[in-house]
Each structure stands twice: as C-alpha cells, then as structure tokens.
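Trainee: Mind looking over this structure? Questions follow.
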Amino acid sequence: MTISDTTQGREAGVLLERTRTAVTPQLRSTIETLPGAVRRVALYHFGWEQADGTPGPGSAGKAVRPAMVLAACRALGGDPQQAVAAAAAVELAHNFTLLHDDVIDEDPTRRHRPTAWTVFGIPDAIVAGDAMFALALRLLAEDSHPASPAASQRLAACVIELCAGQQADCSFEERGPHEVSLEECLAMATAKTGALLGCACALGALYAGAGPEAVAAMDAFGREAGLAFQLIDDLIGIWGDPERTGKPAGADLAARKKSLPVVAALASGTPAGAELAELYRGPMTPSAVRRAADAVDAAGGRDWAQLHAAERMSRAVDELAHAVPDLTAAGDLLALAEFVTRRTR
C-alpha cells in the first residue's frame, strides 16, 4: 500500500486535533481530582497552568497514544466515544513515564518549558507521576464498559514492561561503548516505547469488542510502529532542532545515551565508530557532542536507523492486515503511524 506523505500528514493533524478535543476534558477533569500540591505539578506538566497557578500555554503534547486508542477502536468497527476513558488512561500512563524520565535523565526542558522537577523539585515530580498512573488505573476501574477489566490488566502489565525497559536503558549508561549489543538495544526500545503504543492499539481493539487474535495483531502493529517511532526519536535526540524539540542540540549524545543509532555506529567496525567510542569515554563538551554526531553519521548510524524504521513500519502494516484485512478501514491508524515516523520533533 502506497502512503501519500502530504495526505497522511494532513489526516494525522486532523486526527490528533480531534483526539485532543475528545480526550482533554476527561483528562483534565481527572487531573483536577488530585490533592492540591500534586494537582499543581500535574497541571503545570500538562501546560494548563504556570508554576504560580496562572493559566499556562496548554502545550499538553501531541496525543499520539490516545489517538491510536480511538483509531484502533474505529478500525475494528467500534464507537471511539466509548473508548475515551481508555484513551485518557493511556495518556496518563504516558505522562507518568515522562515525569519520571525527566528526573532520571535530568532533562531541563520539555515542550519548550522547564521540566516539572526543575520547578517543583524531584520528590514532587516523582509523586505526581505516581499519582498519574494511579489515576489511569482508576479511570479504567470506574469505566462501565465491559472491556475495562481486560484493559486495566493490560495497561498494568504494559507499565511493568515499560519499567523494565527504562531500567535497561539506565543500565546501558553504566556499560562501556562496546558492551551494549544492537539486540539488547532493540529489546529495550521495544519495551520502553513499543509496549505502550501496542497497548494503546490493543485497548482500542478491546473497546471495539474484538477477539483475542485481532487484539494481539493490534498490539503487534503498535509495537512495530512504536519501535519505528523510537528510531526516529533517537535521530531527533541527536540532530533535532532545539527550536522545534524544546531540548538542547545533541542532548542524547551529551548524556552518553546508547540510543539505537549510536549503538549501530559503535558496532559498525568503522574508524568513525572507533572515534565515537573514544569520545564516549571522555568529557562531552559542546565540541565533543558535535564531533560525536558527525561520527554517528559517518559510521552509518543515521542511515541504519532510517532504514530500520522503514522496515519496522512495513512489519507494522503486515500485522495490521491480520486484524483489519481491508486496510482502507484502518486509514486513521496508518496516518498516525506515518506521522510519528516522519516527524522532525
């Protein structure tokens, strides 16, 4: 199936806006139930308030994951309005991970604003993240839809997998440049990113009343698309424009992260790969970060990541066809998957 970039890009923009319109009221009303100090951090993180409690810019993210819940439900003949609570739960779980990731990675900015932990402190940011995950499970537990028990179980299992992926990612930083294999790195990325996109699609299938095979195929579609998403995200972490990403240029290299393009470059056996390994052993000054980015490129890490992202998207479409044989019914899902693998921020 040939996908038109411009058409799919426009479709994805409409879908994401429609999702924000549908899900934001549920999301915000749920956040508003948190106790005062925790609520304040959460409202700031979503961009709805400034640190002093005045109205914020409202930059609550792209809403890709909740959009996939609704699109998967629609693709299988369900009513997306019935899956809004599930979509909000997935977005809460995602933002739980973002709050914790920002602390772990010591990221100073997110969505062009200081991260919550830099404003409110590490303990408050961690506690707010914990509360968001609890809210996600409560939303599903209180939902009267017959799929909610299975959805709650699947989301809980997914977050355990996310935690395992995050732990692996952190452990890689303690290992030498040549001590992390591509296989390990791909497994980590699948757990850390693919699992939640897979869960989002599976929840949409559950809320459409789909059977086990279709639910599994939707999960597999999301996982493959999620790995493609992570590959592109890793490229943005090296070459992304700070004006668009809201993060410093080369932030992942400065942190010596063993992202997929980096590990591919380190495993290349090229002089550029050897140079990158040497740079990773020393201080990552701004000059070293620029040289490291050039080395990843020269060693083939950038090309490998781009090609592998395309391969994963091809696999994703194959998996989707098992759940939705007529892919025209899954146009929304395909548009979203295309969007996340062709974005620049």
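Labels for the structure tokens follow display order: chains A, B, ..., residues from 1 in each chain, ligands from 1.
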Find the residues near segment 312-326 of chain A: any atom within 8 Å, counting only C-alpha atoms, skip ones fewer than 2 places away on the same chain, and give them as a list of chain:residue names.
Mentor: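 Those residues are A:Ala75, A:Leu76, A:Glu213, A:Ala214, A:Val215, A:Ala217, A:Met218, A:Ala220, A:Phe221, A:Gly222, A:Arg223, A:Glu224, A:Ala225, A:Leu227, A:Ala228, A:His308, A:Ala309, A:Ala310, A:Thr328, A:Ala329, A:Ala330, A:Leu334, A:Ala337.
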Trainee: Take the residues from that selection and write them out as a compact mmCIF listing (two decimals), in the first residue's frame, keeping all heavy atoms.
Mentor:
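Result file follows (out-v8.txt):
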```
# COMPACT_ATOMS: atom_id res chain seq x y z
N ALA A 75 -11.21 1.40 13.61
CA ALA A 75 -10.82 0.48 12.53
C ALA A 75 -11.51 -0.87 12.64
O ALA A 75 -11.75 -1.54 11.63
CB ALA A 75 -9.30 0.29 12.54
N LEU A 76 -11.84 -1.25 13.88
CA LEU A 76 -12.48 -2.56 14.10
C LEU A 76 -13.98 -2.44 14.29
O LEU A 76 -14.63 -3.37 14.78
CB LEU A 76 -11.82 -3.24 15.30
CG LEU A 76 -10.40 -3.74 15.01
CD1 LEU A 76 -9.68 -4.10 16.29
CD2 LEU A 76 -10.41 -4.92 14.06
N GLU A 213 -7.39 -12.72 18.71
CA GLU A 213 -6.43 -12.64 17.60
C GLU A 213 -6.30 -11.22 17.08
O GLU A 213 -5.19 -10.75 16.80
CB GLU A 213 -6.86 -13.59 16.47
CG GLU A 213 -6.70 -15.06 16.82
CD GLU A 213 -7.00 -15.98 15.64
OE1 GLU A 213 -7.29 -15.44 14.54
OE2 GLU A 213 -6.96 -17.20 15.82
N ALA A 214 -7.41 -10.52 16.96
CA ALA A 214 -7.37 -9.14 16.48
C ALA A 214 -6.69 -8.23 17.50
O ALA A 214 -5.92 -7.33 17.13
CB ALA A 214 -8.77 -8.64 16.18
N VAL A 215 -6.95 -8.48 18.78
CA VAL A 215 -6.30 -7.69 19.83
C VAL A 215 -4.79 -7.89 19.78
O VAL A 215 -4.00 -6.93 19.86
CB VAL A 215 -6.86 -8.06 21.23
CG1 VAL A 215 -6.05 -7.38 22.33
CG2 VAL A 215 -8.33 -7.66 21.34
N ALA A 217 -2.99 -8.83 17.20
CA ALA A 217 -2.46 -8.23 15.98
C ALA A 217 -2.34 -6.72 16.12
O ALA A 217 -1.36 -6.11 15.66
CB ALA A 217 -3.35 -8.58 14.78
N MET A 218 -3.32 -6.10 16.76
CA MET A 218 -3.25 -4.65 17.00
C MET A 218 -2.09 -4.31 17.94
O MET A 218 -1.38 -3.31 17.75
CB MET A 218 -4.56 -4.15 17.59
CG MET A 218 -5.64 -3.92 16.56
SD MET A 218 -5.25 -2.53 15.46
CE MET A 218 -6.80 -2.32 14.62
N ALA A 220 0.66 -6.02 18.21
CA ALA A 220 1.89 -6.20 17.41
C ALA A 220 2.10 -5.03 16.46
O ALA A 220 3.23 -4.56 16.28
CB ALA A 220 1.81 -7.51 16.63
N PHE A 221 1.01 -4.53 15.85
CA PHE A 221 1.11 -3.35 14.99
C PHE A 221 1.69 -2.17 15.76
O PHE A 221 2.62 -1.49 15.31
CB PHE A 221 -0.27 -2.99 14.43
CG PHE A 221 -0.35 -1.59 13.89
CD1 PHE A 221 0.19 -1.27 12.65
CD2 PHE A 221 -0.95 -0.58 14.63
CE1 PHE A 221 0.13 0.03 12.16
CE2 PHE A 221 -1.02 0.73 14.15
CZ PHE A 221 -0.48 1.03 12.91
N GLY A 222 1.13 -1.91 16.95
CA GLY A 222 1.59 -0.79 17.75
C GLY A 222 3.04 -0.93 18.19
O GLY A 222 3.78 0.06 18.22
N ARG A 223 3.44 -2.14 18.51
CA ARG A 223 4.82 -2.37 18.93
C ARG A 223 5.80 -2.09 17.79
O ARG A 223 6.84 -1.46 18.00
CB ARG A 223 5.00 -3.80 19.44
CG ARG A 223 4.45 -4.02 20.83
CD ARG A 223 4.48 -5.48 21.23
NE ARG A 223 4.00 -5.63 22.60
CZ ARG A 223 4.76 -5.57 23.68
NH1 ARG A 223 6.07 -5.41 23.56
NH2 ARG A 223 4.24 -5.69 24.88
N GLU A 224 5.48 -2.57 16.61
CA GLU A 224 6.36 -2.32 15.47
C GLU A 224 6.40 -0.84 15.12
O GLU A 224 7.47 -0.27 14.88
CB GLU A 224 5.91 -3.15 14.25
CG GLU A 224 6.05 -4.65 14.42
CD GLU A 224 7.49 -5.13 14.46
OE1 GLU A 224 8.40 -4.32 14.22
OE2 GLU A 224 7.70 -6.32 14.72
N ALA A 225 5.23 -0.21 15.11
CA ALA A 225 5.19 1.23 14.86
C ALA A 225 5.92 1.98 15.96
O ALA A 225 6.60 2.99 15.70
CB ALA A 225 3.75 1.71 14.75
N LEU A 227 8.50 0.93 17.69
CA LEU A 227 9.95 0.82 17.51
C LEU A 227 10.41 1.77 16.40
O LEU A 227 11.46 2.41 16.52
CB LEU A 227 10.33 -0.62 17.18
CG LEU A 227 11.83 -0.95 17.20
CD1 LEU A 227 12.51 -0.40 18.45
CD2 LEU A 227 12.04 -2.45 17.10
N ALA A 228 9.62 1.89 15.34
CA ALA A 228 9.94 2.87 14.30
C ALA A 228 9.93 4.28 14.90
O ALA A 228 10.80 5.11 14.61
CB ALA A 228 8.94 2.77 13.15
N HIS A 308 15.96 1.06 9.17
CA HIS A 308 15.31 0.13 10.09
C HIS A 308 13.93 0.62 10.49
O HIS A 308 13.01 -0.18 10.68
CB HIS A 308 16.19 -0.07 11.33
CG HIS A 308 15.94 -1.38 12.02
ND1 HIS A 308 16.31 -2.58 11.49
CD2 HIS A 308 15.31 -1.66 13.20
CE1 HIS A 308 15.95 -3.55 12.32
NE2 HIS A 308 15.34 -3.02 13.36
N ALA A 309 13.76 1.94 10.59
CA ALA A 309 12.43 2.49 10.89
C ALA A 309 11.46 2.14 9.77
O ALA A 309 10.30 1.76 10.03
CB ALA A 309 12.52 4.00 11.08
N ALA A 310 11.91 2.26 8.53
CA ALA A 310 11.05 1.92 7.39
C ALA A 310 10.69 0.44 7.39
O ALA A 310 9.54 0.05 7.12
CB ALA A 310 11.75 2.29 6.08
N THR A 328 -8.20 -0.08 4.08
CA THR A 328 -8.87 1.22 3.94
C THR A 328 -9.64 1.57 5.21
O THR A 328 -9.84 2.75 5.52
CB THR A 328 -9.81 1.24 2.73
OG1 THR A 328 -10.79 0.18 2.88
CG2 THR A 328 -9.06 1.04 1.44
N ALA A 329 -10.07 0.54 5.95
CA ALA A 329 -10.79 0.78 7.21
C ALA A 329 -9.85 1.25 8.32
O ALA A 329 -10.30 1.75 9.35
CB ALA A 329 -11.52 -0.49 7.66
N ALA A 330 -8.54 1.07 8.10
CA ALA A 330 -7.55 1.44 9.10
C ALA A 330 -6.76 2.67 8.68
O ALA A 330 -5.63 2.88 9.12
CB ALA A 330 -6.60 0.27 9.35
N LEU A 334 -2.99 4.16 10.02
CA LEU A 334 -1.86 4.30 9.10
C LEU A 334 -1.38 5.74 9.03
O LEU A 334 -0.18 6.00 8.98
CB LEU A 334 -2.25 3.79 7.71
CG LEU A 334 -2.43 2.27 7.59
CD1 LEU A 334 -3.06 1.92 6.26
CD2 LEU A 334 -1.11 1.55 7.77
N ALA A 337 0.59 6.37 12.22
CA ALA A 337 1.89 5.68 12.20
C ALA A 337 2.85 6.39 11.25
O ALA A 337 4.04 6.54 11.56
CB ALA A 337 1.69 4.23 11.77
```
Trainee: Within 12 Å of segment 15-20 of chain A, counting only C-alpha atoms, which residues show up once you throw out same-chain ones fewer than 5 positions away? Write them as an NGL selection string, please.
Mentor: :A and (8-10 or 25-28 or 58-71 or 74 or 80-81 or 83-85 or 87-88 or 91 or 331-337 or 339-340)
Trainee: Measuring atom to atom with only C-alpha atoms, identify which of A:Tyr280, A:Trp304, A:Phe229, A:Phe96 is nearest to Ile126 of chain A.
Mentor: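 Of all the options, A:Phe96 lies closest to Ile126 of chain A.
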Trainee: If you run DSSP on the backbone here, which positions in segment 11-233 of chain A get alpha helix (DSSP H)? Please write them as a PyMOL selection string.
Mentor: chain A and resi 11-31+36-45+64-75+84-105+116-120+122-142+148-172+182-189+195-207+212-233
Trainee: Pick out the closest residue to Met132 of chain A from this set: A:Gln230, A:Thr33, A:Ser144, A:Thr118. Count only C-alpha atoms.
Mentor: A:Thr33
Trainee: What lies within 8 Å of segment 253-260 of chain A using only C-alpha atoms, ignoring chain neighbours under 3 positions off, as a count of residues only?
Mentor: 25
Trainee: Report as a list in words all protein, DNA and RNA residues lying within 10 Å of Trp239 of chain A, evaluated on only C-alpha atoms, omitting residues in the same chain fewer than 3 positions from it.
Mentor: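 Neighbouring residues, sequence-local ones excluded: Asp233, Asp234, Leu235, Ile236, Pro242, Pro248, Ala249, Gly250, Ala251, Asp252, Leu253, Arg290, Ala293, Asp294, Arg302, Thr344 and Arg345 of chain A.
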Trainee: Which value, in Å to one decimal, gives the distance between atom CA of Lys247 of chain A and atom CA of Arg342 of chain A?
Mentor: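 A separation of 18.7 Å between them.
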Trainee: Which residues are near Glu278 of chain A? Cut-off 12 Å, only C-alpha atoms, ignore same chain within fewer than 5 positions. Put them as JSON, numbers by chain.
Mentor: {"A": [176, 177, 178, 256, 266, 271, 272, 273, 283, 284, 288, 291, 292, 295]}
Trainee: Pick from A:Leu307, A:Arg111, A:Arg154, A:Thr193: nearest to Ala216 of chain A, with only C-alpha atoms counted?
Mentor: A:Arg154
Trainee: Out of A:Val14, A:Leu137, A:Leu276, A:Leu203, which residue has the shortest atom-to-atom distance to Val262 of chain A when counting only C-alpha atoms?
Mentor: A:Leu276
Trainee: Report, in Å to a single decimal, how far apart atom CA of Pro261 of chain A and atom CA of Asn95 of chain A are.
Mentor: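 Those two atoms sit 25.1 Å apart.
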Trainee: Identify which of the residues A:Ala86, A:Ala208, A:Ala298, A:Leu197 lies closest to Leu139 of chain A, counting only C-alpha atoms when measuring atom-to-atom distances.
Mentor: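 That would be A:Ala86, the residue with the smallest distance to Leu139 of chain A.
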Trainee: Identify all residues of segment 17-256 of chain A in strand (DSSP E or B) (DSSP on the backbone) and supply them as a VMD selection string.
Mentor: chain A and resid 49 55 109 to 110 113 to 114
Trainee: Which distance in Å separates atom CA of Glu32 of chain A and atom CA of Ala116 of chain A, to one decimal?
Mentor: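 Atom CA of Ala116 of chain A lies 17.1 Å from atom CA of Glu32 of chain A.
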